[in-house]
file model.cif (mmCIF, C-alpha atoms (C1' of nucleotides))
data_run
#
loop_
_atom_site.group_PDB
_atom_site.id
_atom_site.type_symbol
_atom_site.label_atom_id
_atom_site.label_comp_id
_atom_site.auth_asym_id
_atom_site.auth_seq_id
_atom_site.Cartn_x
_atom_site.Cartn_y
_atom_site.Cartn_z
ATOM 1 C CA MET A 1 -28.058 -74.774 0.725
ATOM 2 C CA LYS A 2 -31.001 -75.789 2.907
ATOM 3 C CA ILE A 3 -31.375 -78.912 4.958
ATOM 4 C CA ASN A 4 -33.233 -80.919 2.346
ATOM 5 C CA GLN A 5 -30.516 -80.325 -0.212
ATOM 6 C CA LEU A 6 -27.867 -81.422 2.294
ATOM 7 C CA SER A 7 -29.982 -84.448 3.007
ATOM 8 C CA LYS A 8 -30.082 -85.437 -0.657
ATOM 9 C CA LEU A 9 -26.349 -84.968 -1.147
ATOM 10 C CA THR A 10 -25.430 -86.989 1.929
ATOM 11 C CA LYS A 11 -28.275 -89.508 2.089
ATOM 12 C CA VAL A 12 -28.960 -88.574 5.702
ATOM 13 C CA ILE A 13 -32.542 -87.534 6.372
ATOM 14 C CA SER A 14 -33.210 -84.025 7.708
ATOM 15 C CA LYS A 15 -34.588 -85.331 10.951
ATOM 16 C CA THR A 16 -31.310 -87.061 11.645
ATOM 17 C CA ILE A 17 -29.289 -84.002 10.614
ATOM 18 C CA ARG A 18 -31.127 -81.912 13.202
ATOM 19 C CA TYR A 19 -30.609 -84.667 15.743
ATOM 20 C CA TYR A 20 -26.869 -84.696 15.067
ATOM 21 C CA GLU A 21 -26.814 -80.941 15.616
ATOM 22 C CA ASP A 22 -28.741 -81.328 18.872
ATOM 23 C CA ILE A 23 -26.262 -83.788 20.302
ATOM 24 C CA GLY A 24 -23.247 -81.828 19.100
ATOM 25 C CA LEU A 25 -22.040 -84.215 16.419
ATOM 26 C CA LEU A 26 -22.558 -81.416 13.913
ATOM 27 C CA PRO A 27 -21.826 -77.786 14.836
ATOM 28 C CA LYS A 28 -24.731 -75.374 15.202
ATOM 29 C CA ALA A 29 -25.836 -74.562 11.689
ATOM 30 C CA ALA A 30 -25.841 -70.982 10.403
ATOM 31 C CA ARG A 31 -29.332 -69.547 9.933
ATOM 32 C CA ASN A 32 -30.590 -67.252 7.240
ATOM 33 C CA SER A 33 -33.147 -64.478 7.711
ATOM 34 C CA ASN A 34 -36.172 -66.748 7.936
ATOM 35 C CA GLY A 35 -34.564 -69.012 10.502
ATOM 36 C CA TYR A 36 -33.827 -71.864 8.090
ATOM 37 C CA ARG A 37 -30.551 -73.698 8.514
ATOM 38 C CA GLU A 38 -27.937 -72.827 5.888
ATOM 39 C CA TYR A 39 -25.196 -75.277 4.885
ATOM 40 C CA GLY A 40 -22.055 -75.245 2.750
ATOM 41 C CA SER A 41 -19.820 -77.792 1.064
ATOM 42 C CA GLY A 42 -17.828 -78.423 4.254
ATOM 43 C CA ASP A 43 -20.998 -79.681 5.870
ATOM 44 C CA VAL A 44 -21.538 -82.121 3.025
ATOM 45 C CA GLU A 45 -18.095 -83.606 3.489
ATOM 46 C CA ARG A 46 -18.417 -83.830 7.242
ATOM 47 C CA LEU A 47 -21.817 -85.445 7.123
ATOM 48 C CA ILE A 48 -20.754 -88.022 4.552
ATOM 49 C CA PHE A 49 -17.853 -88.869 6.836
ATOM 50 C CA ILE A 50 -20.316 -89.349 9.677
ATOM 51 C CA ARG A 51 -22.628 -91.471 7.573
ATOM 52 C CA ARG A 52 -19.767 -93.743 6.502
ATOM 53 C CA CYS A 53 -18.746 -94.166 10.129
ATOM 54 C CA ARG A 54 -22.300 -95.001 11.166
ATOM 55 C CA GLU A 55 -22.543 -97.561 8.365
ATOM 56 C CA LEU A 56 -19.536 -99.192 9.988
ATOM 57 C CA GLN A 57 -21.475 -99.122 13.262
ATOM 58 C CA ILE A 58 -19.022 -96.765 14.876
ATOM 59 C CA PRO A 59 -20.730 -95.214 17.927
ATOM 60 C CA ILE A 60 -21.450 -91.507 17.846
ATOM 61 C CA ASP A 61 -19.099 -90.728 20.712
ATOM 62 C CA GLN A 62 -16.241 -92.345 18.827
ATOM 63 C CA ILE A 63 -17.133 -90.416 15.688
ATOM 64 C CA LYS A 64 -16.822 -87.266 17.757
ATOM 65 C CA GLN A 65 -13.337 -88.401 18.723
ATOM 66 C CA LEU A 66 -12.417 -89.096 15.125
ATOM 67 C CA ILE A 67 -13.523 -85.607 14.151
ATOM 68 C CA GLN A 68 -11.475 -84.062 16.933
ATOM 69 C CA VAL A 69 -8.409 -86.029 15.940
ATOM 70 C CA GLN A 70 -8.764 -84.773 12.387
ATOM 71 C CA ALA A 71 -9.019 -81.193 13.531
ATOM 72 C CA ASP A 72 -5.840 -81.490 15.547
ATOM 73 C CA LYS A 73 -2.949 -81.340 13.094
ATOM 74 C CA THR A 74 -0.454 -82.491 15.701
ATOM 75 C CA SER A 75 -2.138 -85.823 16.406
ATOM 76 C CA SER A 76 -0.905 -89.039 14.879
ATOM 77 C CA CYS A 77 -2.744 -91.769 13.046
ATOM 78 C CA SER A 78 -2.372 -94.197 15.904
ATOM 79 C CA GLU A 79 -5.550 -93.025 17.601
ATOM 80 C CA VAL A 80 -7.470 -93.597 14.409
ATOM 81 C CA ASP A 81 -5.883 -97.001 13.941
ATOM 82 C CA LEU A 82 -6.773 -97.996 17.473
ATOM 83 C CA LEU A 83 -10.361 -96.880 17.146
ATOM 84 C CA ILE A 84 -10.906 -98.811 13.947
ATOM 85 C CA GLU A 85 -9.149 -101.832 15.402
ATOM 86 C CA GLN A 86 -11.436 -101.752 18.443
ATOM 87 C CA GLN A 87 -14.465 -101.444 16.242
ATOM 88 C CA LEU A 88 -13.282 -104.427 14.239
ATOM 89 C CA GLU A 89 -12.863 -106.433 17.434
ATOM 90 C CA LYS A 90 -16.374 -105.538 18.537
ATOM 91 C CA VAL A 91 -17.814 -106.633 15.220
ATOM 92 C CA ARG A 92 -15.888 -109.895 15.382
ATOM 93 C CA ASN A 93 -17.232 -110.548 18.865
ATOM 94 C CA THR A 94 -20.740 -109.931 17.683
ATOM 95 C CA ILE A 95 -20.202 -112.352 14.827
ATOM 96 C CA ARG A 96 -18.983 -115.024 17.227
ATOM 97 C CA GLU A 97 -22.010 -114.543 19.447
ATOM 98 C CA MET A 98 -24.362 -114.586 16.512
ATOM 99 C CA LEU A 99 -22.907 -117.803 15.191
ATOM 100 C CA LEU A 100 -23.492 -119.480 18.556
ATOM 101 C CA LEU A 101 -27.013 -118.113 18.511
ATOM 102 C CA GLU A 102 -27.554 -119.477 15.038
ATOM 103 C CA THR A 103 -26.467 -122.922 16.130
ATOM 104 C CA SER A 104 -28.877 -122.899 19.064
ATOM 105 C CA LEU A 105 -31.768 -121.636 17.013
ATOM 106 C CA HIS A 106 -31.126 -124.105 14.240
ATOM 107 C CA ALA A 107 -31.028 -126.992 16.685
ATOM 108 C CA LEU A 108 -34.251 -125.726 18.173
ATOM 109 C CA ALA A 109 -35.950 -125.252 14.828
ATOM 110 C CA THR A 110 -35.268 -128.812 13.759
ATOM 111 C CA SER A 111 -36.092 -130.400 17.093
ATOM 112 C CA CYS A 112 -39.859 -130.648 16.716
ATOM 113 C CA SER A 113 -41.610 -132.893 14.245
ATOM 114 C CA ASN A 114 -44.736 -133.003 16.286
ATOM 115 C CA ASP A 115 -47.961 -131.124 15.825
ATOM 116 C CA ILE A 116 -49.504 -131.281 19.252
ATOM 117 C CA ILE A 117 -48.700 -128.173 21.237
ATOM 118 C CA SER A 118 -48.462 -129.964 24.530
ATOM 119 C CA GLU A 119 -45.807 -132.226 23.076
ATOM 120 C CA CYS A 120 -43.913 -129.551 21.171
ATOM 121 C CA ALA A 121 -40.220 -130.223 21.533
ATOM 122 C CA ILE A 122 -39.332 -126.613 20.832
ATOM 123 C CA LEU A 123 -41.333 -125.410 23.786
ATOM 124 C CA LYS A 124 -39.942 -128.181 25.956
ATOM 125 C CA ASN A 125 -36.422 -127.220 25.019
ATOM 126 C CA LEU A 126 -37.131 -123.604 25.818
ATOM 127 C CA LYS A 127 -38.401 -124.543 29.243
ATOM 128 C CA GLY A 128 -35.516 -126.782 30.133
ATOM 129 C CA GLN A 129 -32.346 -125.997 31.976
ATOM 130 C CA MET B 1 -40.946 -117.239 47.679
ATOM 131 C CA LYS B 2 -39.886 -113.591 47.400
ATOM 132 C CA ILE B 3 -38.479 -111.827 44.417
ATOM 133 C CA ASN B 4 -34.837 -112.343 45.296
ATOM 134 C CA GLN B 5 -35.296 -116.070 45.609
ATOM 135 C CA LEU B 6 -37.010 -116.168 42.239
ATOM 136 C CA SER B 7 -34.164 -114.115 40.873
ATOM 137 C CA LYS B 8 -31.573 -116.615 42.097
ATOM 138 C CA LEU B 9 -33.449 -119.609 40.750
ATOM 139 C CA THR B 10 -33.957 -118.076 37.318
ATOM 140 C CA LYS B 11 -30.862 -115.892 36.957
ATOM 141 C CA VAL B 12 -33.014 -112.897 36.147
ATOM 142 C CA ILE B 13 -32.421 -109.879 38.362
ATOM 143 C CA SER B 14 -35.293 -108.508 40.451
ATOM 144 C CA LYS B 15 -35.326 -105.238 38.595
ATOM 145 C CA THR B 16 -35.998 -107.084 35.372
ATOM 146 C CA ILE B 17 -38.637 -109.279 36.975
ATOM 147 C CA ARG B 18 -40.573 -106.192 38.059
ATOM 148 C CA TYR B 19 -40.112 -104.730 34.611
ATOM 149 C CA TYR B 20 -41.540 -107.863 33.004
ATOM 150 C CA GLU B 21 -44.542 -107.580 35.271
ATOM 151 C CA ASP B 22 -44.987 -103.910 34.364
ATOM 152 C CA ILE B 23 -45.088 -104.616 30.660
ATOM 153 C CA GLY B 24 -47.338 -107.631 31.053
ATOM 154 C CA LEU B 25 -44.829 -110.316 30.143
ATOM 155 C CA LEU B 26 -45.375 -111.769 33.595
ATOM 156 C CA PRO B 27 -48.807 -111.703 35.255
ATOM 157 C CA LYS B 28 -49.343 -109.437 38.238
ATOM 158 C CA ALA B 29 -47.651 -111.116 41.148
ATOM 159 C CA ALA B 30 -49.585 -112.073 44.252
ATOM 160 C CA ARG B 31 -48.719 -109.975 47.290
ATOM 161 C CA ASN B 32 -48.435 -111.016 50.866
ATOM 162 C CA SER B 33 -49.445 -108.925 53.875
ATOM 163 C CA ASN B 34 -46.457 -106.570 53.770
ATOM 164 C CA GLY B 35 -46.879 -105.853 50.076
ATOM 165 C CA TYR B 36 -43.966 -108.023 48.950
ATOM 166 C CA ARG B 37 -44.422 -110.047 45.778
ATOM 167 C CA GLU B 38 -44.990 -113.745 46.358
ATOM 168 C CA TYR B 39 -44.034 -116.357 43.763
ATOM 169 C CA GLY B 40 -44.494 -120.082 43.229
ATOM 170 C CA SER B 41 -42.863 -122.811 41.167
ATOM 171 C CA GLY B 42 -44.949 -121.977 38.096
ATOM 172 C CA ASP B 43 -43.331 -118.563 38.069
ATOM 173 C CA VAL B 44 -39.887 -120.145 38.103
ATOM 174 C CA GLU B 45 -40.704 -122.235 35.061
ATOM 175 C CA ARG B 46 -42.258 -119.364 33.187
ATOM 176 C CA LEU B 47 -39.382 -117.019 33.890
ATOM 177 C CA ILE B 48 -36.759 -119.541 32.869
ATOM 178 C CA PHE B 49 -38.664 -119.966 29.637
ATOM 179 C CA ILE B 50 -38.543 -116.214 29.144
ATOM 180 C CA ARG B 51 -34.857 -116.041 29.932
ATOM 181 C CA ARG B 52 -34.033 -118.788 27.461
ATOM 182 C CA CYS B 53 -36.013 -116.967 24.787
ATOM 183 C CA ARG B 54 -34.217 -113.695 25.525
ATOM 184 C CA GLU B 55 -30.873 -115.461 25.323
ATOM 185 C CA LEU B 56 -31.917 -116.421 21.835
ATOM 186 C CA GLN B 57 -32.662 -112.739 21.213
ATOM 187 C CA ILE B 58 -36.337 -113.375 20.737
ATOM 188 C CA PRO B 59 -38.122 -110.025 21.179
ATOM 189 C CA ILE B 60 -40.452 -109.619 24.117
ATOM 190 C CA ASP B 61 -43.545 -109.258 21.963
ATOM 191 C CA GLN B 62 -42.822 -112.587 20.342
ATOM 192 C CA ILE B 63 -42.260 -114.209 23.714
ATOM 193 C CA LYS B 64 -45.723 -113.009 24.650
ATOM 194 C CA GLN B 65 -47.037 -114.782 21.565
ATOM 195 C CA LEU B 66 -45.198 -117.973 22.473
ATOM 196 C CA ILE B 67 -46.736 -117.911 25.932
ATOM 197 C CA GLN B 68 -50.201 -117.403 24.517
ATOM 198 C CA VAL B 69 -49.751 -120.266 22.085
ATOM 199 C CA GLN B 70 -48.735 -122.537 24.941
ATOM 200 C CA ALA B 71 -51.768 -121.581 26.961
ATOM 201 C CA ASP B 72 -54.081 -122.391 24.065
ATOM 202 C CA LYS B 73 -54.369 -126.169 23.921
ATOM 203 C CA THR B 74 -56.050 -126.099 20.514
ATOM 204 C CA SER B 75 -53.156 -124.365 18.741
ATOM 205 C CA SER B 76 -50.660 -126.294 16.664
ATOM 206 C CA CYS B 77 -46.888 -126.233 16.688
ATOM 207 C CA SER B 78 -46.719 -124.453 13.370
ATOM 208 C CA GLU B 79 -46.879 -121.035 14.973
ATOM 209 C CA VAL B 80 -43.966 -121.925 17.191
ATOM 210 C CA ASP B 81 -42.034 -123.329 14.246
ATOM 211 C CA LEU B 82 -42.655 -120.187 12.239
ATOM 212 C CA LEU B 83 -41.567 -117.904 15.025
ATOM 213 C CA ILE B 84 -38.324 -119.757 15.616
ATOM 214 C CA GLU B 85 -37.723 -119.937 11.885
ATOM 215 C CA GLN B 86 -38.181 -116.163 11.586
ATOM 216 C CA GLN B 87 -35.827 -115.582 14.472
ATOM 217 C CA LEU B 88 -33.263 -117.816 12.806
ATOM 218 C CA GLU B 89 -33.631 -115.852 9.575
ATOM 219 C CA LYS B 90 -33.117 -112.579 11.444
ATOM 220 C CA VAL B 91 -29.978 -113.884 13.099
ATOM 221 C CA ARG B 92 -28.654 -115.130 9.770
ATOM 222 C CA ASN B 93 -29.273 -111.730 8.213
ATOM 223 C CA THR B 94 -27.419 -110.043 11.029
ATOM 224 C CA ILE B 95 -24.517 -112.432 10.503
ATOM 225 C CA ARG B 96 -24.419 -111.619 6.798
ATOM 226 C CA GLU B 97 -24.401 -107.889 7.538
ATOM 227 C CA MET B 98 -21.747 -108.283 10.196
ATOM 228 C CA LEU B 99 -19.491 -110.224 7.863
ATOM 229 C CA LEU B 100 -19.722 -107.453 5.279
ATOM 230 C CA LEU B 101 -18.962 -104.981 8.018
ATOM 231 C CA GLU B 102 -15.978 -106.980 9.100
ATOM 232 C CA THR B 103 -14.611 -106.974 5.558
ATOM 233 C CA SER B 104 -14.970 -103.214 5.298
ATOM 234 C CA LEU B 105 -13.414 -102.560 8.663
ATOM 235 C CA HIS B 106 -10.554 -104.911 8.018
ATOM 236 C CA ALA B 107 -9.807 -103.266 4.687
ATOM 237 C CA LEU B 108 -9.935 -99.917 6.427
ATOM 238 C CA ALA B 109 -7.716 -101.013 9.303
ATOM 239 C CA THR B 110 -4.972 -102.183 6.967
ATOM 240 C CA SER B 111 -5.180 -99.257 4.578
ATOM 241 C CA CYS B 112 -3.010 -96.787 6.457
ATOM 242 C CA SER B 113 0.707 -97.196 6.987
ATOM 243 C CA ASN B 114 1.211 -93.509 7.408
ATOM 244 C CA ASP B 115 1.673 -91.521 10.564
ATOM 245 C CA ILE B 116 0.753 -88.017 9.474
ATOM 246 C CA ILE B 117 -2.843 -87.298 10.291
ATOM 247 C CA SER B 118 -3.408 -85.151 7.223
ATOM 248 C CA GLU B 119 -2.351 -88.066 5.037
ATOM 249 C CA CYS B 120 -4.147 -90.793 6.963
ATOM 250 C CA ALA B 121 -5.625 -93.228 4.482
ATOM 251 C CA ILE B 122 -8.257 -94.387 6.945
ATOM 252 C CA LEU B 123 -9.679 -90.912 7.291
ATOM 253 C CA LYS B 124 -9.475 -90.396 3.547
ATOM 254 C CA ASN B 125 -11.391 -93.597 2.955
ATOM 255 C CA LEU B 126 -14.025 -92.578 5.444
ATOM 256 C CA LYS B 127 -14.510 -89.269 3.689
ATOM 257 C CA GLY B 128 -14.772 -90.706 0.208
ATOM 258 C CA GLN B 129 -17.810 -91.843 -1.693
ATOM 259 C "C1'" DA C 1 -31.009 -101.343 69.301
ATOM 260 C "C1'" DT C 2 -29.185 -101.121 65.173
ATOM 261 C "C1'" DA C 3 -27.208 -102.346 60.933
ATOM 262 C "C1'" DA C 4 -27.459 -105.076 56.846
ATOM 263 C "C1'" DA C 5 -30.171 -106.941 53.603
ATOM 264 C "C1'" DC C 6 -34.232 -106.918 51.496
ATOM 265 C "C1'" DC C 7 -38.586 -104.979 49.648
ATOM 266 C "C1'" DT C 8 -41.540 -101.105 47.456
ATOM 267 C "C1'" DT C 9 -42.715 -97.245 43.852
ATOM 268 C "C1'" DA C 10 -41.435 -93.690 40.752
ATOM 269 C "C1'" DC C 11 -38.596 -91.308 37.899
ATOM 270 C "C1'" DT C 12 -34.543 -90.831 34.799
ATOM 271 C "C1'" DG C 13 -31.182 -92.416 31.482
ATOM 272 C "C1'" DT C 14 -29.242 -95.433 27.848
ATOM 273 C "C1'" DA C 15 -28.273 -95.425 21.846
ATOM 274 C "C1'" DG C 16 -29.629 -93.714 17.880
ATOM 275 C "C1'" DG C 17 -32.687 -92.268 16.120
ATOM 276 C "C1'" DT C 18 -38.187 -92.035 14.204
ATOM 277 C "C1'" DG C 19 -43.068 -90.269 14.574
ATOM 278 C "C1'" DT C 20 -46.164 -86.735 15.273
ATOM 279 C "C1'" DA C 21 -48.207 -82.296 16.305
ATOM 280 C "C1'" DA C 22 -48.574 -77.561 15.571
ATOM 281 C "C1'" DG C 23 -47.140 -73.985 13.316
ATOM 282 C "C1'" DG C 24 -44.221 -70.547 10.044
ATOM 283 C "C1'" DT C 25 -42.462 -69.663 5.012
ATOM 284 C "C1'" DC C 26 -42.162 -69.668 0.159
ATOM 285 C "C1'" DA C 27 -43.041 -70.383 -4.783
ATOM 286 C "C1'" DA C 28 -46.258 -71.645 -8.302
ATOM 287 C "C1'" DG C 29 -50.696 -71.925 -10.273
ATOM 288 C "C1'" DT C 30 -55.439 -70.198 -10.883
ATOM 289 C "C1'" DA D 1 -55.555 -62.300 -4.183
ATOM 290 C "C1'" DC D 2 -55.843 -66.817 -2.777
ATOM 291 C "C1'" DT D 3 -54.805 -71.337 -2.201
ATOM 292 C "C1'" DT D 4 -52.180 -75.470 -2.430
ATOM 293 C "C1'" DG D 5 -48.227 -78.054 -1.581
ATOM 294 C "C1'" DA D 6 -43.618 -78.414 -0.412
ATOM 295 C "C1'" DC D 7 -40.586 -77.051 2.617
ATOM 296 C "C1'" DC D 8 -38.891 -75.289 7.178
ATOM 297 C "C1'" DT D 9 -39.128 -74.767 12.497
ATOM 298 C "C1'" DT D 10 -39.523 -76.490 17.559
ATOM 299 C "C1'" DA D 11 -40.990 -79.613 21.036
ATOM 300 C "C1'" DC D 12 -42.417 -83.670 22.803
ATOM 301 C "C1'" DA D 13 -43.359 -88.673 22.706
ATOM 302 C "C1'" DC D 14 -41.967 -93.216 21.354
ATOM 303 C "C1'" DC D 15 -38.977 -97.300 20.242
ATOM 304 C "C1'" DT D 16 -36.060 -101.781 22.815
ATOM 305 C "C1'" DA D 17 -34.916 -103.853 26.956
ATOM 306 C "C1'" DC D 18 -33.647 -102.821 30.491
ATOM 307 C "C1'" DA D 19 -30.211 -100.284 34.478
ATOM 308 C "C1'" DG D 20 -29.530 -96.547 37.882
ATOM 309 C "C1'" DT D 21 -31.016 -93.849 41.573
ATOM 310 C "C1'" DA D 22 -33.804 -91.799 45.153
ATOM 311 C "C1'" DA D 23 -36.593 -92.204 48.997
ATOM 312 C "C1'" DG D 24 -38.732 -94.874 51.859
ATOM 313 C "C1'" DG D 25 -40.795 -99.321 54.389
ATOM 314 C "C1'" DT D 26 -39.704 -104.259 56.390
ATOM 315 C "C1'" DT D 27 -37.288 -108.105 58.056
ATOM 316 C "C1'" DT D 28 -33.539 -110.530 59.981
ATOM 317 C "C1'" DA D 29 -29.357 -111.169 62.457
ATOM 318 C "C1'" DT D 30 -26.275 -109.735 65.832
#

call {"tool": "encode", "arguments": {"input": "model.cif", "output": "structure tokens"}}
result
Amino acid sequence: MKINQLSKLTKVISKTIRYYEDIGLLPKAARNSNGYREYGSGDVERLIFIRRCRELQIPIDQIKQLIQVQADKTSSCSEVDLLIEQQLEKVRNTIREMLLLETSLHALATSCSNDIISECAILKNLKGQ
Amino acid sequence: MKINQLSKLTKVISKTIRYYEDIGLLPKAARNSNGYREYGSGDVERLIFIRRCRELQIPIDQIKQLIQVQADKTSSCSEVDLLIEQQLEKVRNTIREMLLLETSLHALATSCSNDIISECAILKNLKGQ
DNA sequence: ATAAACCTTACTGTAGGTGTAAGGTCAAGT
DNA sequence: ACTTGACCTTACACCTACAGTAAGGTTTAT
């Protein structure tokens, strides 16, 4: 199949598929006589795997690792476990930071009941400290 | 004062200060005879304002707007309110997304009690759908 | 005198793509 | 036969918000 077909099956746009090939996340695609990329069902599976990982915000370098681990039959699940666990920790950290941010912004948003710009409490708060 | 002094007072590194000048977030700095940038107390205040905004993840373009609004004595607070409100909404959306992410990752992390890579439930889950 | 600490510009790289230009190919319709 | 439109190709620029590095000039302290 051609790139657009792969794109439809995986919900990854062609542009991004070529990009993934460029950076080595996908192997170099086979080409047919006119130079178009040619894909098979293995590519569909691999790309869906990648898309699912990206949806979970797993960085591309770590996806590369996950793919390598899968290819190596002798490796154990513990590497996979660790990677997912780390990703989970990162997400939880982000959530904590975002909640602090939300508190600050909310306090800021409700601080000004004025209408005169020179007296605006929001701007004053932003200047302070 | 010179750039390093400004940096210490505002907790913004010199590199970033020059960058802000490049992109027009800070006005072109005055120069003294040797070509070094020369700053005054107004610059301290302005840069602290910018830092506080960045800590709240307000994008640089919106900080530019906030600075313009402040300079214009005829403008009302409503623009400021709106901007902060939008930022708050963005942060809340990110939190919502992150919480969904956390759920997915947690489910994934606890799905595999296996140790054989070819049977790893995590990898299977990532391939599916 | 010299070394450390500071200043300058300019260019490159980061993550994960998206946008755009300029062109080749292919199938269908007129 | 010709054209139109949909598809394919590469290559380069752009996005955010900086950080790193090179290569060089200046100032300050010892």

call {"tool": "closest_atom_pairs", "arguments": {"input": "model.cif", "of": "chain A", "to": "chain B", "cutoff": "8 Å", "atoms": "all atoms listed in the file", "output": "CSV"}}
result
residue,atom,partner,partner_atom,distance
A:Glu45,CA,B:Lys127,CA,6.7
A:Arg46,CA,B:Lys127,CA,7.6
A:Ile48,CA,B:Lys127,CA,6.4
A:Phe49,CA,B:Lys127,CA,4.6
A:Arg52,CA,B:Leu126,CA,6.0
A:Cys53,CA,B:Leu126,CA,6.8
A:Leu56,CA,B:Leu101,CA,6.1
A:Gln70,CA,B:Ile117,CA,6.8
A:Lys73,CA,B:Ile117,CA,6.6
A:Thr74,CA,B:Ile117,CA,7.6
A:Ser75,CA,B:Ile117,CA,6.3
A:Ser76,CA,B:Ile117,CA,5.3
A:Cys77,CA,B:Asp115,CA,5.1
A:Ser78,CA,B:Asp115,CA,7.2
A:Val80,CA,B:Ile122,CA,7.5
A:Asp81,CA,B:Ala109,CA,6.4
A:Ile84,CA,B:Ala109,CA,6.0
A:Glu85,CA,B:Ala109,CA,6.3
A:Gln87,CA,B:Leu105,CA,7.7
A:Leu88,CA,B:Leu105,CA,5.9
A:Val91,CA,B:Glu102,CA,6.4
A:Arg92,CA,B:Glu102,CA,6.9
A:Thr94,CA,B:Met98,CA,7.7
A:Ile95,CA,B:Ile95,CA,6.1
A:Met98,CA,B:Ile95,CA,6.4
A:Leu99,CA,B:Ile95,CA,7.3
A:Leu101,CA,B:Leu56,CA,6.2
A:Glu102,CA,B:Leu88,CA,6.4
A:Ser104,CA,B:Leu56,CA,7.7
A:Leu105,CA,B:Leu88,CA,5.9
A:His106,CA,B:Leu88,CA,6.8
A:Leu108,CA,B:Ile84,CA,7.7
A:Ala109,CA,B:Ile84,CA,6.0
A:Asn114,CA,B:Cys77,CA,7.1
A:Asp115,CA,B:Cys77,CA,5.1
A:Ile116,CA,B:Ser76,CA,5.7
A:Ile117,CA,B:Cys77,CA,5.3
A:Ser118,CA,B:Lys73,CA,7.0
A:Cys120,CA,B:Cys77,CA,6.3
A:Ile122,CA,B:Val80,CA,7.5
A:Leu123,CA,B:Val80,CA,7.9
A:Leu126,CA,B:Phe49,CA,5.5
A:Lys127,CA,B:Phe49,CA,4.6
A:Gly128,CA,B:Phe49,CA,7.5
A:Gln129,CA,B:Ile48,CA,7.9

call {"tool": "resolve_selection", "arguments": {"input": "model.cif", "expression": "the PyMOL selection byres ((chain D) within 10 of (chain B))", "output": "ChimeraX atom specification"}}
result
/D:16-19,25-26

call {"tool": "resolve_selection", "arguments": {"input": "model.cif", "expression": "the PyMOL selection byres ((chain C) within 10 of (chain A))", "output": "number ranges by chain"}}
result
C: 15-18, 24-25

call {"tool": "resolve_selection", "arguments": {"input": "model.cif", "expression": "the PyMOL selection byres ((chain A and resi 38) around 12)", "output": "MDAnalysis selection string"}}
result
(chainID A and resid 1:6 27:37 39:44) or (chainID D and resid 8)

call {"tool": "atom_distance", "arguments": {"input": "model.cif", "atom1": "C1' of DC12 in chain D", "atom2": "CA of Ile58 in chain A"}}
result
28.0 Å

call {"tool": "atom_distance", "arguments": {"input": "model.cif", "atom1": "C1' of DA5 in chain C", "atom2": "CA of Ser14 in chain B"}}
result
14.2 Å

call {"tool": "atom_distance", "arguments": {"input": "model.cif", "atom1": "C1' of DT27 in chain D", "atom2": "CA of Asp22 in chain B"}}
result
25.3 Å

call {"tool": "residues_around", "arguments": {"input": "model.cif", "residues": "DA28 in chain C", "least_positions_apart": "3", "cutoff": "12 Å", "atoms": "only C-alpha atoms (C1' of nucleotides)", "output": "PyMOL selection string"}}
result
chain D and resi 3-6

call {"tool": "residues_around", "arguments": {"input": "model.cif", "residues": "DT2 in chain C", "least_positions_apart": "6", "cutoff": "12 Å", "atoms": "only C-alpha atoms (C1' of nucleotides)", "output": "list in words"}}
result
DT28, DA29 and DT30 of chain D

call {"tool": "axis_aligned_box", "arguments": {"input": "model.cif", "around": "range 1-4 of chain A", "padding_each_side": "6 Å", "output": "lines of an AutoDock Vina configuration file"}}
result
center_x = -30.6
center_y = -77.8
center_z = 2.8
size_x = 17.2
size_y = 18.1
size_z = 16.2
